[in-house]
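Have a look at the structure below, then the notes.
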Amino acid sequence: MINRIGISALFRFWLPLQTTWLMMALEGPLLTALIARLAEPKLNLAAYGVAFALAIMVEAPVIMMMSASVALVDSAENYRRLRNFTWFLNIGITVSMVVLVFSPAWSLVIHTWIRLDPEVASLTRTALIIMLPWPAAIGYRRFYQGLLIRTGRTRLVAWGTAIRLTSMALTAFGLKFLTDINGAWLGAAALSVGVVFEAVVSRAMARESIAEVMAAKPQRPMSYGEITRFYYPLALTSTISLMVHPMVTFFLGQSRNSLESLAVLPVINALVFIFRTPGLSFQEAAITMLAKSKENLTPVTHFAAYLGSAAALGLGLIALTPLSRFWLEGISGLTPELASFAGLPIKILVLMPAMSVMLSMQRAILVNRRNTGPVTWASALEVAGILVTLLVTLNYGDWVGVTAAATAFMVGRVVGISWLLKPVR
């Protein structure tokens, strides 16, 4: 690929990555819509949301492995070392998941901290057992997807995710029509099957990329200490960021209208996530292009502005029009009662897609400079902003839980982005 790139070339490079994230984003609405149409939808939506939040927290250390693979795998030896590093992380997060589910930590987290309804807690535990393969499979496939992106094979990343979505959907619909499985367990099984298939396919599709890296001009091998120092702030960043989900779940479990809030939160997150995908898919594309030439900063920045504006407009067309009711009741399958709890939070989050693009741009610049420390501080301050907002709105304002959560997400993101303005400059 050429070193300098224009907007149209950047768009063609980014589009398969966006397709990948968009397909992943469709998982949430599809699964919550199925769960909402099965028995005991309120209990199962709440259990699925809690299980997903906990599983996301466990997988957090490997979320940034795609960015690390894009940035660091420039030779055979660095490929081997980062691959070994990935396996070490995968084993660690799997052990963490087992400890959470099968030790006294479960009672502490679920019954003492979150104070879940006993029926919801039982459904959640089985869902997490079903999802045990999920975190490690995420780390495995993100490593190889990063390698595909680095070598310009972004279309293969999209094909892998298409296989994931297909296998997930087949599993979900098969369980729905052939069994009487609980909705939360259906969602967990579909997620696990889908990501395991994607991981296997990603490794198979990366054969040519691996051969290309193996044949590349030898570079100075990074020591495991150097890899750790580079990756530790990124892992800490994703861990801090994704701890938000169980933290918010904890607050919602004790808020006004707690069960309704827990039930609609995964539906809201699924919708907003669709429009956050342009920002999430943009990060690796920006890292790749900034690494090729410093002159790419201007077109990459302009592309980010277009992307953020379009993403926020897309969510606004749903959140601020009658399409909101159509999405929540007609597509997501919520009852009118539950839909009424979701309308205002979606409106509050309407600018979140644009903020996601801006944050990805900031992170890409800093990763390209191998200055990952400020990213961690920004995430920590974002979480602090969320925590303070939740404490104020729930303890002193007596807000409905899910409305307080949406407000907290926005406040936290503004704080995090603001912190990164100086180091990025």
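Chain labels A, B, ... are given in the sequence in which chains occur in the structure tokens; within each chain residues are numbered consecutively from 1, and ligands are likewise numbered from 1 in the order shown.
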Sort by chain and increasing residue number a table of all residues of stretch 53-128 of chain A within 12 Å of stretch 182-189 of chain A, each with its closest pair of atoms and their distance in Å to one decimal, counting only C-alpha atoms, and write it as a tab-separated table.
```
residue	atom	partner	partner_atom	distance
A:Ala53	CA	A:Ala188	CA	11.7
A:Leu54	CA	A:Ala188	CA	12.0
A:Ala55	CA	A:Ala188	CA	10.0
A:Glu119	CA	A:Ala184	CA	11.6
A:Val120	CA	A:Ala184	CA	9.4
A:Ala121	CA	A:Ala184	CA	11.0
A:Ser122	CA	A:Ala184	CA	10.4
A:Leu123	CA	A:Ala184	CA	6.6
A:Thr124	CA	A:Ala184	CA	7.2
A:Arg125	CA	A:Trp185	CA	9.5
A:Thr126	CA	A:Trp185	CA	7.0
A:Ala127	CA	A:Trp185	CA	4.9
A:Leu128	CA	A:Ala188	CA	7.2
```
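Here the question is which of A:Ser209, A:Ile287, A:Met214, A:Ser255 gets nearest to A:Gly397 using only C-alpha atoms, and that residue is A:Ser255.
The shortest atom-to-atom distance to A:Leu165, with only C-alpha atoms taken into account, belongs to A:Thr19 out of A:Thr19, A:Thr94, A:Ser8, A:Thr321.
Counting only C-alpha atoms and comparing A:Pro322, A:Pro246, A:Pro133, A:Gly330, the residue that lies closest to A:Arg37 is A:Gly330.
Interatomic distance, atom CA of A:Ser192 to atom CA of A:Val267: 19.3 Å.
Around A:Glu212, within 10 Å and counting only C-alpha atoms, the residues found are Asp74, Ser75, Ala76, Thr151 and Ala206 of chain A, once anything fewer than 6 positions away on its own chain is removed.
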Atoms to include: C-alpha atoms. Write the selected residues as an mmCIF file, in the first residue's frame.
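The resulting file, part12.cif, is shown below:
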```
data_model
loop_
_atom_site.group_PDB
_atom_site.id
_atom_site.type_symbol
_atom_site.label_atom_id
_atom_site.label_comp_id
_atom_site.auth_asym_id
_atom_site.auth_seq_id
_atom_site.Cartn_x
_atom_site.Cartn_y
_atom_site.Cartn_z
ATOM 1 C CA ASP A 74 6.606 -6.202 12.286
ATOM 2 C CA SER A 75 8.848 -9.293 12.194
ATOM 3 C CA ALA A 76 8.863 -13.032 12.810
ATOM 4 C CA THR A 151 -1.113 -6.458 6.230
ATOM 5 C CA ALA A 206 -4.264 -15.188 8.660
#
```
Report as a PyMOL selection string all protein, DNA and RNA residues lying within 6 Å of stretch 363-370 of chain A, evaluated on only C-alpha atoms, omitting residues in the same chain fewer than 2 positions from it. chain A and resi 283+286-287+360-361+372
Pull N, CA and C atoms from the residues just selected and write them as a compact mmCIF listing (two decimals), in the first residue's frame.
```txt
# COMPACT_ATOMS: atom_id res chain seq x y z
N GLN A 283 -10.44 3.11 14.91
CA GLN A 283 -9.19 3.19 15.68
C GLN A 283 -8.05 2.44 14.99
N ALA A 286 -6.98 4.08 11.75
CA ALA A 286 -6.19 5.29 11.99
C ALA A 286 -4.77 4.94 12.42
N ILE A 287 -4.62 3.94 13.30
CA ILE A 287 -3.28 3.52 13.73
C ILE A 287 -2.45 3.08 12.53
N SER A 360 -11.37 7.52 19.64
CA SER A 360 -10.55 6.61 18.84
C SER A 360 -9.44 7.37 18.12
N MET A 361 -9.74 8.57 17.64
CA MET A 361 -8.72 9.39 17.00
C MET A 361 -7.61 9.73 17.98
N THR A 372 1.22 5.35 25.55
CA THR A 372 -0.09 4.83 25.93
C THR A 372 -0.52 5.21 27.35
```
Within 12 Å of A:Gly316, counting only C-alpha atoms, which residues qualify if same-chain residues fewer than 2 places away don't, as a short mmCIF file (atom, residue, chain, number, x, y, z; two decimals) with N, CA and C atoms, in the first residue's frame?
```
data_model
loop_
_atom_site.label_atom_id
_atom_site.label_comp_id
_atom_site.auth_asym_id
_atom_site.auth_seq_id
_atom_site.Cartn_x
_atom_site.Cartn_y
_atom_site.Cartn_z
N LEU A 271 -28.56 -0.69 20.87
CA LEU A 271 -28.88 0.32 19.87
C LEU A 271 -27.75 1.34 19.74
N VAL A 272 -27.29 1.88 20.86
CA VAL A 272 -26.23 2.88 20.82
C VAL A 272 -24.95 2.28 20.25
N PHE A 275 -24.35 2.58 16.50
CA PHE A 275 -23.88 3.86 15.99
C PHE A 275 -22.52 4.26 16.57
N SER A 309 -19.84 12.94 12.75
CA SER A 309 -21.07 13.66 12.46
C SER A 309 -22.15 12.73 11.91
N ALA A 310 -21.77 11.85 11.00
CA ALA A 310 -22.74 10.92 10.41
C ALA A 310 -23.28 9.94 11.44
N ALA A 311 -22.41 9.45 12.32
CA ALA A 311 -22.84 8.48 13.33
C ALA A 311 -23.82 9.09 14.31
N ALA A 312 -23.54 10.32 14.78
CA ALA A 312 -24.45 10.99 15.71
C ALA A 312 -25.78 11.30 15.05
N LEU A 313 -25.74 11.70 13.79
CA LEU A 313 -26.98 11.97 13.07
C LEU A 313 -27.82 10.72 12.94
N GLY A 314 -27.19 9.59 12.66
CA GLY A 314 -27.93 8.33 12.53
C GLY A 314 -28.67 7.96 13.80
N ILE A 318 -33.20 8.14 15.11
CA ILE A 318 -34.02 7.17 15.85
C ILE A 318 -34.43 7.76 17.21
N ALA A 319 -33.46 8.30 17.93
CA ALA A 319 -33.71 8.74 19.30
C ALA A 319 -34.69 9.90 19.39
N LEU A 320 -34.68 10.79 18.41
CA LEU A 320 -35.44 12.03 18.51
C LEU A 320 -36.69 12.04 17.64
N THR A 321 -37.08 10.91 17.10
CA THR A 321 -38.26 10.82 16.23
C THR A 321 -39.13 9.65 16.68
N PRO A 322 -40.31 9.49 16.09
CA PRO A 322 -41.16 8.33 16.42
C PRO A 322 -40.52 6.99 16.11
N LEU A 323 -39.40 6.99 15.38
CA LEU A 323 -38.71 5.72 15.13
C LEU A 323 -38.23 5.08 16.42
N SER A 324 -38.08 5.89 17.47
CA SER A 324 -37.66 5.35 18.77
C SER A 324 -38.64 4.30 19.28
N GLY A 343 -36.82 5.43 26.41
CA GLY A 343 -36.86 6.55 25.48
C GLY A 343 -35.92 7.69 25.86
N ILE A 346 -31.98 7.04 25.66
CA ILE A 346 -31.46 7.04 24.28
C ILE A 346 -31.24 8.47 23.80
N LYS A 347 -32.16 9.36 24.13
CA LYS A 347 -32.01 10.77 23.75
C LYS A 347 -30.76 11.38 24.41
N ILE A 348 -30.53 11.04 25.65
CA ILE A 348 -29.36 11.57 26.36
C ILE A 348 -28.06 11.13 25.70
N LEU A 349 -28.05 9.91 25.14
CA LEU A 349 -26.84 9.33 24.57
C LEU A 349 -26.63 9.66 23.09
N VAL A 350 -27.39 10.61 22.55
CA VAL A 350 -27.40 10.82 21.11
C VAL A 350 -26.04 11.28 20.57
N LEU A 351 -25.22 11.95 21.36
CA LEU A 351 -23.91 12.40 20.89
C LEU A 351 -22.79 11.40 21.19
N MET A 352 -23.11 10.30 21.83
CA MET A 352 -22.08 9.32 22.17
C MET A 352 -21.35 8.77 20.94
N PRO A 353 -22.01 8.52 19.80
CA PRO A 353 -21.26 8.04 18.62
C PRO A 353 -20.17 8.99 18.16
N ALA A 354 -20.45 10.29 18.15
CA ALA A 354 -19.43 11.26 17.75
C ALA A 354 -18.28 11.28 18.74
#
```
I need the helix (DSSP H, G or I) residues of stretch 79-279 of chain A per DSSP on the backbone, written as a ChimeraX atom specification. /A:79-102,105-114,118-130,134-150,154-178,183-205,207-214,224-242,244-252,258-279
Find the residues around A:Pro423 up to 10 Å (only C-alpha atoms counted), leave out those fewer than 4 positions away in its own chain, and share them as a list in words. Gln362, Ile365, Leu366, Asn371, Gly373, Pro374, Val375 and Trp419 of chain A
Atoms kept (C-alpha atoms) for selection, written as a PDB file, in the first residue's frame:
```
ATOM      1  CA  GLN A 362      -6.994  10.475  20.179  1.00  0.00           C
ATOM      2  CA  ILE A 365      -2.387   9.207  17.732  1.00  0.00           C
ATOM      3  CA  LEU A 366      -1.017   8.195  21.128  1.00  0.00           C
ATOM      4  CA  ASN A 371       2.714   6.907  24.432  1.00  0.00           C
ATOM      5  CA  GLY A 373       0.044   6.143  29.495  1.00  0.00           C
ATOM      6  CA  PRO A 374      -2.352   9.098  29.009  1.00  0.00           C
ATOM      7  CA  VAL A 375      -4.955   6.719  27.560  1.00  0.00           C
ATOM      8  CA  TRP A 419      -8.113  14.928  29.509  1.00  0.00           C
TER       9      TRP A 419
END
```
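Checking A:Thr32, A:Ser223, A:Thr171, A:Thr407 one by one against A:Tyr79, counting only C-alpha atoms, you find the shortest gap at A:Ser223.
Closest approach to A:Ala39 among A:Ile181, A:Leu234, A:Val193, A:Leu420: A:Ile181, based on only C-alpha atoms.
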One residue among A:Pro299, A:Pro278, A:Gly385, A:Pro16 is nearest to A:Phe409 when using only C-alpha atoms, and that residue is A:Gly385
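For the atom pair formed by atom CA of A:Arg12 and atom CA of A:Met168, the distance is 27.1 Å, given to one decimal.
The residue set within 10 Å of A:Phe173, counting only C-alpha atoms and dropping same-chain residues fewer than 4 places from it, reads Leu31, Leu34, Met168, Ala169, Phe177, Leu178, Thr179, Leu186 and Ala190 of chain A.
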